[in-house]
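Student: You'll find entry-v6.csv just under this line, and it carries CSV, C-alpha atoms.
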```csv
chain,number,residue,atom,x,y,z
X,177,MET,CA,0.0,0.0,0.0
X,178,THR,CA,2.9,2.4,0.6
X,179,GLY,CA,3.5,2.5,-3.2
X,180,GLN,CA,-0.1,3.4,-3.8
X,181,LEU,CA,-0.6,5.3,-0.5
X,182,PHE,CA,1.8,8.1,-1.2
X,183,PRO,CA,0.8,8.8,-4.8
X,184,LEU,CA,-2.9,8.5,-3.8
X,185,LEU,CA,-2.4,10.7,-0.8
X,186,LEU,CA,-0.6,13.4,-2.8
X,187,LEU,CA,-3.3,13.2,-5.5
X,188,LEU,CA,-6.0,13.8,-2.9
X,189,LEU,CA,-4.1,16.6,-1.3
X,190,LEU,CA,-3.6,18.5,-4.5
X,191,GLY,CA,-7.1,17.8,-5.6
X,192,PHE,CA,-8.6,19.1,-2.4
X,193,LEU,CA,-6.4,22.2,-2.3
X,194,VAL,CA,-7.3,23.0,-5.9
X,195,GLY,CA,-11.0,22.3,-5.3
X,196,GLY,CA,-11.0,24.7,-2.4
X,197,LEU,CA,-10.0,27.6,-4.6
X,198,HIS,CA,-13.3,29.0,-5.8
X,199,ALA,CA,-11.8,32.1,-7.3
X,200,SER,CA,-8.4,32.8,-8.9
X,201,ALA,CA,-6.6,35.7,-10.4
X,202,GLY,CA,-7.5,34.6,-14.0
X,203,ASP,CA,-11.3,34.3,-13.6
X,204,ALA,CA,-11.3,37.6,-11.6
X,205,ASP,CA,-9.7,39.4,-14.6
X,206,PRO,CA,-12.3,41.8,-16.0
X,207,ILE,CA,-11.1,41.2,-19.6
X,208,TYR,CA,-11.6,37.5,-19.2
X,209,ARG,CA,-15.0,37.9,-17.6
X,210,THR,CA,-16.1,40.2,-20.4
X,211,CYS,CA,-14.9,37.8,-23.0
X,212,VAL,CA,-16.9,35.0,-21.5
X,213,GLU,CA,-20.1,37.1,-21.3
X,214,GLN,CA,-19.8,38.2,-24.9
X,215,CYS,CA,-19.0,34.7,-26.1
X,216,GLU,CA,-22.1,33.3,-24.5
X,217,LYS,CA,-24.2,35.9,-26.3
X,218,THR,CA,-22.5,35.8,-29.7
X,219,GLY,CA,-21.0,32.3,-29.8
X,220,ASN,CA,-17.6,33.7,-30.9
X,221,VAL,CA,-14.2,34.4,-29.4
X,222,GLY,CA,-12.2,36.4,-31.9
X,223,ASP,CA,-12.2,34.3,-35.1
X,224,ILE,CA,-13.3,31.1,-33.3
X,225,SER,CA,-16.9,30.1,-33.5
X,226,ILE,CA,-18.4,28.0,-30.6
X,227,PRO,CA,-20.8,25.4,-32.1
X,228,HIS,CA,-22.3,24.6,-28.7
X,229,CYS,CA,-23.6,28.1,-28.4
X,230,LEU,CA,-25.9,27.5,-31.3
X,231,PHE,CA,-27.9,25.1,-29.1
X,232,SER,CA,-30.2,26.1,-26.3
X,233,SER,CA,-29.1,25.8,-22.7
X,234,SER,CA,-30.2,22.7,-20.8
X,235,ASP,CA,-32.9,24.6,-19.0
X,236,GLU,CA,-34.3,26.1,-22.2
X,237,ALA,CA,-33.9,22.8,-24.1
X,238,VAL,CA,-36.5,21.1,-22.0
X,239,ASN,CA,-39.3,23.0,-23.7
X,240,ASN,CA,-37.7,22.9,-27.2
X,241,THR,CA,-37.9,20.3,-29.9
X,242,TRP,CA,-35.2,17.5,-30.0
X,243,TYR,CA,-33.3,19.0,-33.0
X,244,MET,CA,-32.6,22.1,-30.9
X,245,GLN,CA,-30.8,20.1,-28.2
X,246,GLU,CA,-27.2,19.1,-28.2
X,247,PRO,CA,-26.3,15.4,-28.8
X,248,LEU,CA,-26.4,13.3,-25.6
X,249,TYR,CA,-22.8,12.3,-25.9
X,250,LEU,CA,-21.8,16.0,-25.8
X,251,GLN,CA,-24.1,16.7,-22.9
X,252,TRP,CA,-22.5,13.7,-21.0
X,253,LYS,CA,-19.0,15.1,-21.7
X,254,GLN,CA,-20.1,18.5,-20.3
X,255,LEU,CA,-19.0,20.2,-23.5
X,256,ASN,CA,-21.3,23.2,-23.7
X,257,CYS,CA,-21.4,26.8,-24.6
X,258,LYS,CA,-20.2,28.1,-21.2
X,259,SER,CA,-17.3,25.6,-20.8
X,260,ASP,CA,-16.0,26.2,-24.3
X,261,CYS,CA,-16.3,30.0,-23.9
X,262,CYS,CA,-14.4,29.8,-20.7
X,263,TYR,CA,-11.7,27.7,-22.3
X,264,HIS,CA,-11.2,29.8,-25.5
X,265,CYS,CA,-11.3,33.1,-23.6
X,266,MET,CA,-8.7,31.7,-21.2
X,267,ILE,CA,-6.4,30.7,-24.0
X,268,GLN,CA,-6.9,34.1,-25.7
X,269,ARG,CA,-6.2,36.0,-22.5
X,270,GLU,CA,-3.1,33.9,-21.7
X,271,SER,CA,-1.8,34.7,-25.2
X,272,GLU,CA,-2.3,38.4,-24.5
X,273,ARG,CA,-0.6,38.1,-21.2
X,274,GLU,CA,2.4,36.2,-22.7
X,275,ALA,CA,2.8,39.0,-25.3
X,276,LEU,CA,3.0,41.5,-22.4
X,277,GLY,CA,5.6,39.4,-20.7
X,278,LEU,CA,3.3,38.3,-17.9
X,279,SER,CA,3.4,34.9,-16.3
X,280,PRO,CA,0.4,32.5,-16.5
X,281,VAL,CA,-2.3,32.6,-13.8
X,282,LYS,CA,-4.9,30.1,-12.6
X,283,TYR,CA,-8.5,30.2,-13.8
X,284,HIS,CA,-11.2,28.7,-11.5
X,285,GLY,CA,-8.4,27.2,-9.3
X,286,LYS,CA,-6.5,25.5,-12.2
X,287,TRP,CA,-3.7,26.3,-14.5
X,288,PRO,CA,-4.5,27.2,-18.1
X,289,PHE,CA,-4.1,23.8,-19.8
X,290,LYS,CA,-4.4,23.3,-23.5
X,291,ARG,CA,-6.9,20.7,-24.6
X,292,ILE,CA,-6.3,17.8,-26.9
X,293,PHE,CA,-9.7,16.8,-28.2
X,294,VAL,CA,-11.8,16.5,-25.0
X,295,PHE,CA,-8.9,16.0,-22.6
X,296,GLN,CA,-8.7,19.0,-20.3
X,297,GLU,CA,-5.4,17.9,-18.8
X,298,PRO,CA,-3.9,15.5,-21.4
X,299,ALA,CA,-0.6,14.7,-19.7
X,300,SER,CA,-2.2,14.0,-16.3
X,301,ALA,CA,-5.0,11.9,-17.9
X,302,ALA,CA,-2.5,9.9,-19.9
X,303,LEU,CA,-0.2,9.3,-16.9
X,304,SER,CA,-3.2,8.3,-14.8
X,305,ALA,CA,-4.0,5.8,-17.4
X,306,PHE,CA,-0.4,4.5,-17.2
X,307,ASN,CA,-0.8,4.1,-13.5
X,308,LEU,CA,-4.0,2.2,-14.1
X,309,MET,CA,-2.1,-0.1,-16.4
X,310,MET,CA,0.8,-0.6,-14.0
X,311,HIS,CA,-1.7,-1.6,-11.3
X,312,PHE,CA,-3.4,-4.0,-13.6
X,313,VAL,CA,-0.1,-5.6,-14.6
X,314,GLY,CA,1.0,-5.7,-11.0
X,315,TRP,CA,-2.2,-7.3,-9.8
X,316,LEU,CA,-2.3,-9.8,-12.7
X,317,SER,CA,1.3,-10.9,-12.0
X,318,PHE,CA,0.4,-11.3,-8.3
X,319,PHE,CA,-2.6,-13.4,-9.2
X,320,VAL,CA,-0.5,-15.7,-11.5
X,321,LEU,CA,2.2,-16.0,-8.8
X,322,VAL,CA,0.0,-17.0,-5.9
X,323,ASN,CA,-2.3,-19.3,-7.9
X,324,TYR,CA,0.0,-20.9,-10.4
X,325,LYS,CA,3.7,-20.5,-9.4
X,326,LEU,CA,3.7,-20.9,-5.6
X,327,PRO,CA,2.6,-24.2,-4.0
X,328,LEU,CA,-1.0,-24.5,-2.8
X,329,ARG,CA,-2.3,-26.2,0.3
X,330,PRO,CA,-2.7,-29.9,-0.5
X,331,HIS,CA,-6.2,-30.4,0.9
X,332,SER,CA,-8.0,-27.1,0.2
X,333,LYS,CA,-6.0,-26.1,-2.9
X,334,ARG,CA,-5.9,-22.6,-1.5
X,335,THR,CA,-2.9,-20.4,-1.3
X,336,TYR,CA,-0.5,-20.5,1.7
X,337,TYR,CA,-0.3,-16.7,1.7
X,338,GLU,CA,-3.0,-15.5,4.2
X,339,TYR,CA,-3.5,-12.1,2.6
X,340,THR,CA,-4.2,-13.2,-1.0
X,341,GLY,CA,-7.8,-12.2,-1.0
X,342,LEU,CA,-7.2,-8.9,0.7
X,343,TRP,CA,-4.6,-8.0,-2.0
X,344,HIS,CA,-7.0,-8.9,-4.8
X,345,ILE,CA,-9.5,-6.4,-3.4
X,346,TYR,CA,-6.7,-3.8,-3.0
X,347,GLY,CA,-5.8,-4.3,-6.7
X,348,LEU,CA,-9.4,-3.8,-7.8
X,349,LEU,CA,-9.8,-0.7,-5.7
X,350,SER,CA,-6.5,0.7,-7.0
X,351,MET,CA,-7.5,0.2,-10.6
X,352,ASN,CA,-10.9,1.8,-9.9
X,353,ALA,CA,-9.3,4.8,-8.2
X,354,TRP,CA,-6.9,5.4,-11.1
X,355,LEU,CA,-9.7,4.9,-13.7
X,356,TRP,CA,-11.6,7.7,-12.1
X,357,SER,CA,-8.5,9.8,-11.9
X,358,THR,CA,-8.0,9.4,-15.6
X,359,ILE,CA,-11.6,10.3,-16.3
X,360,PHE,CA,-11.5,13.3,-13.9
X,361,HIS,CA,-8.4,14.7,-15.6
X,362,THR,CA,-10.1,14.2,-18.9
X,363,ARG,CA,-13.4,16.0,-18.0
X,364,ASP,CA,-13.6,17.8,-14.7
X,365,PHE,CA,-17.2,18.4,-13.5
X,366,GLU,CA,-19.2,17.5,-10.4
X,367,MET,CA,-19.9,13.9,-11.1
X,368,THR,CA,-16.3,13.0,-12.1
X,369,GLU,CA,-14.9,15.0,-9.2
X,370,LYS,CA,-17.1,13.1,-6.6
X,371,LEU,CA,-16.3,9.7,-8.1
X,372,ASP,CA,-12.6,10.5,-8.2
X,373,TYR,CA,-12.5,11.7,-4.6
X,374,SER,CA,-14.8,8.9,-3.3
X,375,SER,CA,-12.8,6.2,-5.1
X,376,ALA,CA,-9.6,7.6,-3.7
X,377,VAL,CA,-10.9,7.9,-0.1
X,378,ALA,CA,-12.3,4.3,-0.3
X,379,LEU,CA,-8.9,3.0,-1.4
X,380,LEU,CA,-7.1,5.0,1.2
X,381,GLY,CA,-9.4,3.7,4.0
X,382,TYR,CA,-9.1,0.1,2.7
X,383,SER,CA,-5.3,0.5,2.5
X,384,LEU,CA,-5.3,1.5,6.2
X,385,ILE,CA,-7.2,-1.6,7.1
X,386,LEU,CA,-4.9,-3.8,5.1
X,387,SER,CA,-1.8,-2.2,6.6
X,388,LEU,CA,-3.0,-3.0,10.1
X,389,LEU,CA,-4.0,-6.6,9.2
X,390,ARG,CA,-0.7,-7.3,7.6
X,391,THR,CA,1.6,-5.6,10.1
X,392,PHE,CA,-0.2,-7.1,13.1
X,393,ASP,CA,-0.4,-10.4,11.3
X,394,VAL,CA,-4.1,-10.8,11.8
X,395,LYS,CA,-5.3,-14.1,10.3
X,396,ASP,CA,-8.5,-14.9,12.2
X,397,GLU,CA,-11.6,-13.7,10.3
X,398,ALA,CA,-13.4,-12.5,13.5
X,399,THR,CA,-10.4,-10.4,14.5
X,400,ARG,CA,-10.1,-9.0,11.0
X,401,VAL,CA,-13.7,-7.8,11.2
X,402,MET,CA,-13.0,-6.1,14.6
X,403,PHE,CA,-10.1,-4.3,13.0
X,404,ALA,CA,-11.9,-3.3,9.9
X,405,ALA,CA,-15.4,-2.5,11.2
X,406,PRO,CA,-14.8,0.9,12.8
X,407,ILE,CA,-12.5,2.1,9.9
X,408,LEU,CA,-15.0,0.9,7.3
X,409,ALA,CA,-17.9,2.6,9.1
X,410,PHE,CA,-16.0,5.9,9.4
X,411,VAL,CA,-14.9,5.9,5.7
X,412,THR,CA,-18.4,5.0,4.5
X,413,THR,CA,-19.9,7.8,6.6
X,414,HIS,CA,-17.2,10.2,5.3
X,415,ILE,CA,-17.9,9.4,1.7
X,416,LEU,CA,-21.6,9.8,2.2
X,417,PHE,CA,-20.9,13.2,3.9
X,418,LEU,CA,-18.9,14.4,0.9
X,419,ASN,CA,-21.4,13.3,-1.7
X,420,PHE,CA,-24.7,14.1,-0.1
X,421,TYR,CA,-24.1,16.8,2.4
X,422,GLN,CA,-21.0,19.0,1.7
X,423,LEU,CA,-17.9,18.5,-0.4
X,424,ASP,CA,-15.7,20.0,2.3
X,425,TYR,CA,-12.2,20.0,0.9
X,426,GLY,CA,-10.5,21.1,4.1
X,427,TRP,CA,-12.1,18.4,6.3
X,428,ASN,CA,-11.5,15.8,3.6
X,429,MET,CA,-7.8,16.7,3.4
X,430,LYS,CA,-7.4,16.4,7.2
X,431,VAL,CA,-9.1,12.9,7.1
X,432,CYS,CA,-6.8,11.7,4.3
X,433,ILE,CA,-3.7,13.1,6.0
X,434,VAL,CA,-4.4,11.3,9.2
X,435,MET,CA,-5.1,8.0,7.4
X,436,GLY,CA,-2.0,8.4,5.3
X,437,ILE,CA,0.3,9.3,8.2
X,438,ILE,CA,-0.9,6.3,10.2
X,439,GLN,CA,-0.2,3.9,7.3
X,440,LEU,CA,3.2,5.5,6.7
X,441,LEU,CA,4.3,5.0,10.3
X,442,VAL,CA,2.8,1.5,10.5
X,443,TRP,CA,4.6,0.2,7.4
X,444,ALA,CA,7.9,1.9,8.1
X,445,ILE,CA,8.1,0.8,11.7
X,446,TRP,CA,7.0,-2.7,10.9
X,447,ALA,CA,9.5,-3.2,8.2
X,448,GLY,CA,12.3,-2.2,10.5
X,449,MET,CA,11.1,-4.2,13.6
X,450,LYS,CA,10.4,-7.4,11.7
X,451,ARG,CA,13.6,-7.2,9.7
X,452,HIS,CA,11.6,-8.2,6.6
X,453,PRO,CA,14.0,-9.6,4.0
X,454,HIS,CA,12.5,-7.3,1.3
X,455,ARG,CA,12.2,-4.2,3.5
X,456,PHE,CA,14.6,-2.2,1.3
X,457,LYS,CA,12.0,-2.3,-1.5
X,458,LEU,CA,9.5,-0.8,0.9
X,459,TRP,CA,11.8,1.8,2.2
X,460,THR,CA,12.8,2.8,-1.4
X,461,VAL,CA,9.1,3.4,-2.2
X,462,VAL,CA,8.8,5.5,1.0
X,463,PHE,CA,11.9,7.6,0.1
X,464,GLY,CA,10.8,7.9,-3.5
X,465,ALA,CA,7.4,9.1,-2.5
X,466,ALA,CA,8.9,11.7,-0.2
X,467,ILE,CA,11.0,13.0,-3.0
X,468,ALA,CA,8.0,13.1,-5.3
X,469,MET,CA,6.1,15.2,-2.7
X,470,LEU,CA,8.4,18.1,-3.7
X,471,LEU,CA,6.7,18.2,-7.0
X,472,GLU,CA,3.4,18.8,-5.2
X,473,ILE,CA,4.9,21.5,-3.0
X,474,TYR,CA,6.6,23.3,-5.9
X,475,ASP,CA,3.6,24.0,-8.0
X,476,PHE,CA,4.3,25.6,-11.4
X,477,SER,CA,2.3,26.4,-14.5
X,478,PRO,CA,2.1,23.8,-17.3
X,479,TYR,CA,5.1,23.8,-19.6
X,480,GLY,CA,3.8,24.4,-23.2
X,481,GLY,CA,0.3,24.3,-21.8
X,482,TYR,CA,0.5,20.5,-21.1
X,483,VAL,CA,2.9,19.4,-18.4
X,484,ASP,CA,2.8,20.9,-14.9
X,485,ALA,CA,4.2,19.7,-11.5
X,486,HIS,CA,1.2,17.4,-10.9
X,487,ALA,CA,1.7,15.7,-14.3
X,488,LEU,CA,5.3,15.1,-13.4
X,489,TRP,CA,4.3,13.7,-10.1
X,490,HIS,CA,2.0,11.3,-11.9
X,491,ALA,CA,5.0,10.2,-13.9
X,492,THR,CA,7.0,9.4,-10.7
X,493,THR,CA,4.2,7.2,-9.4
X,494,ILE,CA,4.6,4.8,-12.3
X,495,PRO,CA,7.9,3.2,-11.2
X,496,LEU,CA,6.9,3.4,-7.5
X,497,THR,CA,3.8,1.4,-8.4
X,498,TYR,CA,5.9,-1.2,-10.1
X,499,LEU,CA,8.2,-1.4,-7.1
X,500,TRP,CA,5.3,-1.7,-4.7
X,501,TRP,CA,3.8,-4.6,-6.4
X,502,SER,CA,7.2,-6.2,-6.5
X,503,PHE,CA,7.3,-5.9,-2.7
X,504,ILE,CA,3.8,-7.5,-2.4
X,505,LYS,CA,4.9,-10.4,-4.6
X,506,SER,CA,8.1,-10.8,-2.6
X,507,ASP,CA,6.1,-10.8,0.7
X,508,ALA,CA,3.9,-13.5,-0.7
X,509,GLU,CA,6.9,-15.6,-1.7
X,510,TYR,CA,8.5,-15.0,1.7
X,511,ARG,CA,5.4,-16.0,3.7
X,512,THR,CA,4.7,-19.0,1.5
X,513,ALA,CA,8.2,-20.3,1.9
X,514,MET,CA,7.9,-20.0,5.7
X,515,LEU,CA,4.6,-21.8,5.9
X,516,VAL,CA,5.6,-24.6,3.6
X,517,LYS,CA,8.7,-25.1,5.7
X,518,LYS,CA,6.6,-25.3,8.9
X,519,ALA,CA,4.1,-27.7,7.3
X,520,LYS,CA,6.9,-30.3,6.5
```
For the file at hand, write its structure as structure tokens.
Tutor:
Amino acid sequence: MTGQLFPLLLLLLLGFLVGGLHASAGDADPIYRTCVEQCEKTGNVGDISIPHCLFSSSDEAVNNTWYMQEPLYLQWKQLNCKSDCCYHCMIQRESEREALGLSPVKYHGKWPFKRIFVFQEPASAALSAFNLMMHFVGWLSFFVLVNYKLPLRPHSKRTYYEYTGLWHIYGLLSMNAWLWSTIFHTRDFEMTEKLDYSSAVALLGYSLILSLLRTFDVKDEATRVMFAAPILAFVTTHILFLNFYQLDYGWNMKVCIVMGIIQLLVWAIWAGMKRHPHRFKLWTVVFGAAIAMLLEIYDFSPYGGYVDAHALWHATTIPLTYLWWSFIKSDAEYRTAMLVKKAK
């Protein structure tokens, strides 16, 4: 979990900090605001025509005939007159600022990224997809290892490794979290934001449970339920709070920081105390994640309009994910060898 914990934790922290910024220097700019207002009325930004502005708004479209409404796939993508006007006015304003020698500013809490097709943050979206792929490959290789390469219990034909099922669930939750991260960086609106944050919090909470079960060597099912129940109840309540009461970025950040710090301490201390033979893999992931954190602290505008500090951080999580799954597989081999030896 450490390999996933730190990238996920940093992803959450940045997302919540960004989400908490309801106003930025860019969208407060009178020139930008005037551009957006004129665009919504005329459907034009300079020489650029906005096709979406030819259609009625969603409120008006209810009473209009079907041919005056935008296609459903465009409505689902949240590509509409306002979003396109904001985007093209932002790009135009940044070009003007660049000509005056001014540095980029944020708009609605985000840096001015250049789109590629419907991808709002193409670099972060692509790198999130790579992280998704790395988790899929890591989970699949773990599945093959424990089920086909390592010995199975002679009577039950189940794996010797006591945490196999828990790691399978972890792999699925990890892939789900990175899937929604990819979608969120592709199209950022309320639904994708909530699904991204909810998936990330769910994974972080489950990672905390799994870290405690593994480091305390909990094998009995009843004891596992006792460990998991309070954390599961809290995480579930927290997700419901965010989705149906208030998307409180500050509170959410505090919750994730606490869960993250606990896991960090648990894994780091456990690896040292138990003298795990593969502890250096774990510590390398911890150290690498700490270095990667600097990319989150040192926030800078996107180079060329595509690659910012957050995108570079996404790139660093790819090798960390590979190393983390390597540790998981090594732990499975280590525990299996010990249990097979005891069984003889």
Student: For range 269-277 of chain X, take all atoms listed in the file, fit an axis-aligned box around them, add 6 Å to each of the six sides, then output centre and edge lengths in Å rounded to one decimal, as JSON.
Tutor:
```
{"center_x": -0.3, "center_y": 37.7, "center_z": -23.0, "size_x": 23.8, "size_y": 19.6, "size_z": 16.6}
```
Student: Quick one: pull the distance between CA of Glu397 in chain X and CA of Glu509 in chain X, Å, one decimal.
Tutor: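 Separation between CA of Glu397 in chain X and CA of Glu509 in chain X: 22.1 Å.
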Student: Need to verify the contact set: range 357-359 of chain X, 9 Å, only C-alpha atoms, exclusion of same-chain residues closer than 2 positions in sequence. Can you return it as JSON, numbers by chain?
Tutor: {"X": [187, 295, 300, 301, 302, 303, 304, 305, 308, 352, 353, 354, 355, 361, 362, 363, 364, 368, 369, 371, 372, 373, 375, 376]}
Student: Figure out the distance between CA of Ala201 in chain X and CA of Tyr479 in chain X, please, to one decimal in Å.
Tutor: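 Computing the Euclidean distance for CA of Tyr479 in chain X and CA of Ala201 in chain X yields 19.1 Å.
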Student: Quick one: everything within 12 Å of Ala519 in chain X, counting all atoms listed in the file, minus sequence neighbours fewer than 6 positions away in the same chain. Send it as a PDB file with C-alpha atoms, in the coordinates of the input.
Tutor:
```pdb
ATOM      1  CA  PRO X 327       2.600 -24.200  -4.000  1.00  0.00           C
ATOM      2  CA  LEU X 328      -1.000 -24.500  -2.800  1.00  0.00           C
ATOM      3  CA  ARG X 329      -2.300 -26.200   0.300  1.00  0.00           C
ATOM      4  CA  PRO X 330      -2.700 -29.900  -0.500  1.00  0.00           C
ATOM      5  CA  TYR X 336      -0.500 -20.500   1.700  1.00  0.00           C
ATOM      6  CA  THR X 512       4.700 -19.000   1.500  1.00  0.00           C
ATOM      7  CA  ALA X 513       8.200 -20.300   1.900  1.00  0.00           C
TER       8      ALA X 513
END
```
Student: In Å, how far is it from CA of Gly381 in chain X to CA of Tyr421 in chain X?
Tutor: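 Interatomic distance, CA of Gly381 in chain X to CA of Tyr421 in chain X: 19.8 Å.
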Student: Which one is closest to Ser279 in chain X: X:Asn419, X:Arg511, X:Ile438, X:Gly202? Count only C-alpha atoms.
Tutor: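 Ranking X:Asn419, X:Arg511, X:Ile438, X:Gly202 by distance to Ser279 in chain X, first place goes to X:Gly202.
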Student: Calculated over only C-alpha atoms, which of the candidates X:Gly341, X:Pro478, X:Pro288, X:Gly347 has the smallest distance to Ser317 in chain X?
Tutor: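 Using only C-alpha atoms, Ser317 in chain X sits closest to X:Gly347.
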Student: Using all atoms listed in the file, which residue out of X:Tyr425, X:Phe392, X:Tyr482, X:Trp500 lies closest to His311 in chain X?
Tutor: X:Trp500
Student: Using only C-alpha atoms, which residue out of X:Leu230, X:Val322, X:Val212, X:Met367 lies closest to Cys262 in chain X?
Tutor: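 Checking each of X:Leu230, X:Val322, X:Val212, X:Met367 against Cys262 in chain X, counting only C-alpha atoms, the winner is X:Val212.
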Student: Using only C-alpha atoms, which protein or nucleic acid residues come within 9 Å of Pro453 in chain X? Drop anything in the same chain fewer than 6 positions from it, and give the result as a ChimeraX atom specification.
Tutor: /X:447,506-507,510
Student: So which residues touch range 401-408 of chain X within 12 Å, counting only C-alpha atoms, skipping near sequence neighbours fewer than 3 positions away, as a PyMOL selection string?
Tutor: chain X and resi 342+377-390+392-398+411-415+431+435
Student: Which one is closest to Lys505 in chain X: X:Asn323, X:Asn220, X:Ser271, X:Ser225? Count all atoms listed in the file.
Tutor: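 Between X:Asn323, X:Asn220, X:Ser271, X:Ser225, the residue approaching Lys505 in chain X most closely is X:Asn323.
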Student: Can you pull out every residue within 10 Å of range 502-504 of chain X, counting only C-alpha atoms, but drop anything in the same chain fewer than 5 positions away, and send it as a ChimeraX atom specification?
Tutor: /X:177-179,314-315,317-318,339-340,343,454-458,461,496-497,509-510
Student: Which residue is closest to Gln296 in chain X? Choose from X:Ala409, X:Ile207, X:Val483, X:Met514 and count only C-alpha atoms.
Tutor: X:Val483
